[in-house]
Structures are given as structure tokens and as C-alpha cells.
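A.B. asks: Sharing a structure, written as C-alpha cells. Questions coming.
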Amino acid sequence: MEKSSKIYIAGHLGLVGSALWKNLQSKGYNNLIGRTIDELNLMDTNAVNAFFEKEKSEYVILAAAKVGGIAANSTYRGQFIYENLMIQNNVIHAAYLNKVKKLLFLGSTCIYPREAPQPMNEECLLTAPLEYTNEPYAIAKIAGVKLCENYNLQYGTNFISVMPTNLYGPNDNFDLEKSHVLPAMLRKIYLGKCLEENNLDAIRNDLNKRPINGVNGDLEMERRRDKEKKGEMESVKVGENEKRILAALNKYGISITSSHSLPFIPPLPHSLSPSHPRKVSVEIWGSGAPMREFLWSEEMADACIYLMEHIDFKDLIRENSSSIREIRNTHINIGSGKEISIRDLAYLIKAKIGFNGILIFNTSKPDGTMRKLTDPSRLHALGWHHKIEIEEGVVVGSAHEKVIDYLVQDFLNQFIRKPLKKNLLFRGYHLCDIKSWN
Ligand code: NDP
């Protein structure tokens, strides 16, 4: 790729897309293009074709998708398969029609079978049944991998696919219904901490940034203002919005434990004395036993750009001893190869956040795949290796202003001993620097 090559990043505002954009910019690429969903809905075939014909991008990275954690995957099964198939069919086909030089398709390690041997290498694709909860999403992603592979074989395109492990980092999705396990856990435990400290202002602030089920922090104030404007008598009871807030938190398993003697809903939360600490519990889905691997999104982006710069489809064709005519499994895993249990992760976040309450592992909720560890040997053989481990990453993720400033900034000062080095954080990650300030 030339520094002036036109590179279209589909989904450039998401967790992955924004990390890719930042990485390309930092390497001096100066002709990047992105479109929001409002500007270009990638499910609209005609609009996608018109966009590709007009823009004539030389390189494409497909990081737009309908994504979510186990709850969203279980609930929106139809949407997950339909929307992802539509997006990727449109983009990959338009890239072929418009002679894009290289395309990178983002898949996910959920394409591998539920009982895949661990760690999972690229060869275990389509060898056994998938995990039920994310089967629709995985089927769509497998179709995307196969579309790229078979367009290469039939049309001579240069489309490569990567399968990143679970990611976390700047611009993550903290919507409790739709987010992945780590951001959801981080936000829930943070809210639990606010609740145990009776810090209603922080909870309101959080809900104003990301309302939960339509409940924001200022509902009561807005309604009062509305009524005042209309000259109506004030009829909203003091504490009504607090009730809504507590009910919304409760729905996501963030609750004041019933055993405590304090009233469930304080009449005026601000006035509750800190000398009356309360016990709060935060529910985590499943047993906590599943093992998960995590990778900092900016590292994953670095791996992707490395592959865009150095690897072509032809480099990924391996000769199969049984029949060299069968070309398959040319995709590349991106992972750290290191794992942590959901339970340990939850307790790690609890310790980082300083939450003193109880974590409840709800075994009536699904666990998902018990183990999902990638084998990144192929990526290593291609010349790229990760640098940041989860322990450092959670600190960086928690402290990074762009990631969760709006969630934990006030609270961070209480558990990070030294002042944050903002410039360092904005410059990106450097392992030695991270170790030195922690
Ligand atoms: P995000 O939800 O953070 O970003 C997805 C982006 O796609 C958003 O900007 C979204 O826009 C956009 N988008 C969704 N639907 C459409 C549409 N119809 N038209 C145009 N844009 C659309 O997801 P991630 O960045 O986490 O994921 C990106 C890719 O990386 C996915 O393919 C995913 O499978 C893969 N991946 C992610 C992992 C993770 O842990 N996050 C792990 C492994 C793989 P808007 O926000 O406006 O809806």
C-alpha cells in the first residue's frame, strides 16, 4: 500500500474500525475514507455499488457488522445472520466489481466449533457443530470467509480474512444489552461501585451518556422542566426517577442486596450519609468457569495493517498433503494465545474498580463456549506478535480517556495512585511506559 492509497474502512467509528483508522494514520496513510451508517447503510446494495463506483477505493477493510455479546446474539438471531450476510455480500461483491486491490474481512473466532480442540487453529473450521448461542452470527462470518476465499479462487481477487479473539479498547460498546463480556462487566461493576457509595450523580452521569432501557439520569428534571414550562402543577414525586434508575440497574443484575436494613429506595439519595454503607451485588451471566482470551483492539489493528502491508492471498495457500487442489482455511487467527476465566476477569475488574460488593454468578444464564483460545501460530509465522497482556490491558482500558472516560474518570483517581499521563495515553500504548506508571 502507498501512503496515498485510497483506503475505505467500513465501520470506521466502531471498536475495530476506529483502531484501524488510528493505526493507519499513525503510519502515515493519508487518504482514508469512512462513512457512518446514516451516510451509507451497507445493507443497501444499490447505495454500496454507487459508493464503490464513485470512490474507487484501492483498499478496503470490512469492519462493519452487527455485533454483540451472548445476550444480543441469543435474542437477535435473525438480525445477526441477515444483517451480516447483507453487509458482507454487498461490500465484498462491490470490491470485486470495482477491482479493489486488496480487502481485509473481519471475522471472529466464534466461527470455530463449540468442541474445537484447544487452542483452536485455522484447520478446525467446519469440523463439528457450532455453539448454539452465536450460531447465526458464526454462520454469517463463515460465509464471509468463504466468499473471500472463493472469489480469490474464481476471480483472482486478493481478499484476506482475519479471525480476531475477543477485543477490548477505545470506542468499545458499553450498551448493557448489546456489548461484549468485558465492557459489560466493567460498566456493571462500576455502576455497582457507584451504588454502594450512594454516588447518584455518577450513576446519573453514566445513564445520561448511555441510557439503560430508555432510562437516563435526568428524566425527572426534564419532566419537571416540561411541566413548569406548561405551567402545570408539579406532580412528579421526589425520588421517582431514582426508582426508575434503581429498577433499570436491577434489570441488569446491579442491586442493593435485600438483606440490608437500608430502604431500597432512599427518598433523597444525595442526603444519605456515607456512614451508612450498603451492600450491593452485581450479577454476572453464567458460572464464571468459561475461559476467554482478550486482545487490546489497537494491537489487533496493528496485526491487521501488518497483514494488509505484507501478506497476499497467495501467501496463505498451504499445500495440503492429501490433495493440493483443495484450497481452504486460508484465514488467519489474531490472538494472544493467553486466557483467563470469566470469574477471574470479574474479580480482576472488581479489584481495579474497588467494588466491595458481591459478584453473583447466575448459572441459569448460558455460559457460551467453555473455552475459546486461539492458536496464533500462523500469524506468528507470518511475522506479527502481540505485546500487551490482559493485566496491563485492563489498566490501560480502564484508564484510557477515550474508552471509558465517561464511565470511570471520577472514580479512577481513587485507585490509580499516580496521576494519569494523558499524553502517554493518547500517544498509544508502550508496554514499558505502562509498566512504569502503574
Ligand atoms: P462495533 O459495533 O464497535 O462497530 C461496528 C461498526 O459497524 C459500527 O460503526 C456500526 O455503525 C457499523 N455498522 C453496523 N451495521 C452497519 C450498516 N448496516 N451499515 C453501515 N455501518 C454499519 O463492532 P466491532 O468494531 O467490535 O466489530 C467490528 C468487526 O470486528 C466485526 O466484524 C466483528 O465480528 C469483528 N470482531 C470484533 C470483536 C470484538 O471483540 N469486538 C472480536 C472479533 C471480531 P453504528 O455504530 O452506527 O451502528
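Going by the C-alpha cells order, chains are called A, B, ..., each with residues numbered from 1, while ligands are numbered from 1 in the order shown.
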Enumerate as a ChimeraX atom specification the residues within 8 Å of ligand 1, counting only C-alpha atoms and all ligand atoms.

C.D. replies: /A:10-18,35-38,40-44,62-68,83-84,87,105-109,141,163-168,171-173,180,294,297

A.B. asks: Give me the residues within 12 Å of Tyr252 in chain A as a ChimeraX atom specification, counting only C-alpha atoms and dropping any in the same chain fewer than 5 places off.

C.D. replies: /A:71,175-178,184-185,187-189,191-192,212-213,245-247,281-285,360,362

A.B. asks: Just the residues within 6 Å of Ile61 in chain A, please, counting only C-alpha atoms, with nothing from its chain fewer than 6 positions along; format it as a list of chain:residue names.

C.D. replies: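 Answer for this query is A:Ile9, A:Leu103, A:Leu104.
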
A.B. asks: Keeping only C-alpha atoms, write those residues as a CSV table (one decimal), in the first residue's frame.

C.D. replies:
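The result, stored in selection.csv:
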```csv
chain,number,residue,atom,x,y,z
A,9,ILE,CA,-12.7,1.4,6.3
A,103,LEU,CA,-9.7,-6.4,1.0
A,104,LEU,CA,-9.5,-7.5,4.6
```

A.B. asks: State, in Å with one decimal place, the distance from CA of Arg318 in chain A to CA of Asn121 in chain A.

C.D. replies: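 CA of Arg318 in chain A sits 13.9 Å away from CA of Asn121 in chain A.
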
A.B. asks: Just to confirm, what's the straight-line distance from CA of Val181 in chain A to CA of Thr127 in chain A in Å (one decimal)?

C.D. replies: 26.4 Å

A.B. asks: Fewer than 4 positions away in the same chain doesn't count, so skip those; otherwise give me all residues within 8 Å of Val215 in chain A, counting only C-alpha atoms, as a list in words.

C.D. replies: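 Here the answer would be Leu207, Pro211, Leu219, Arg244, Ile245 and Ala248 of chain A.
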
A.B. asks: Just give me the gap between CA of Asn98 in chain A and CA of Lys56 in chain A in Å, one decimal is fine.

C.D. replies: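 Here the two named atoms are 6.7 Å from each other.
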
A.B. asks: Let me make sure I understand: among A:Leu182, A:Ile70, A:Leu307, A:Val48, which one has the smallest atom-to-atom distance to Ala95 in chain A if we use only C-alpha atoms?

C.D. replies: A:Val48
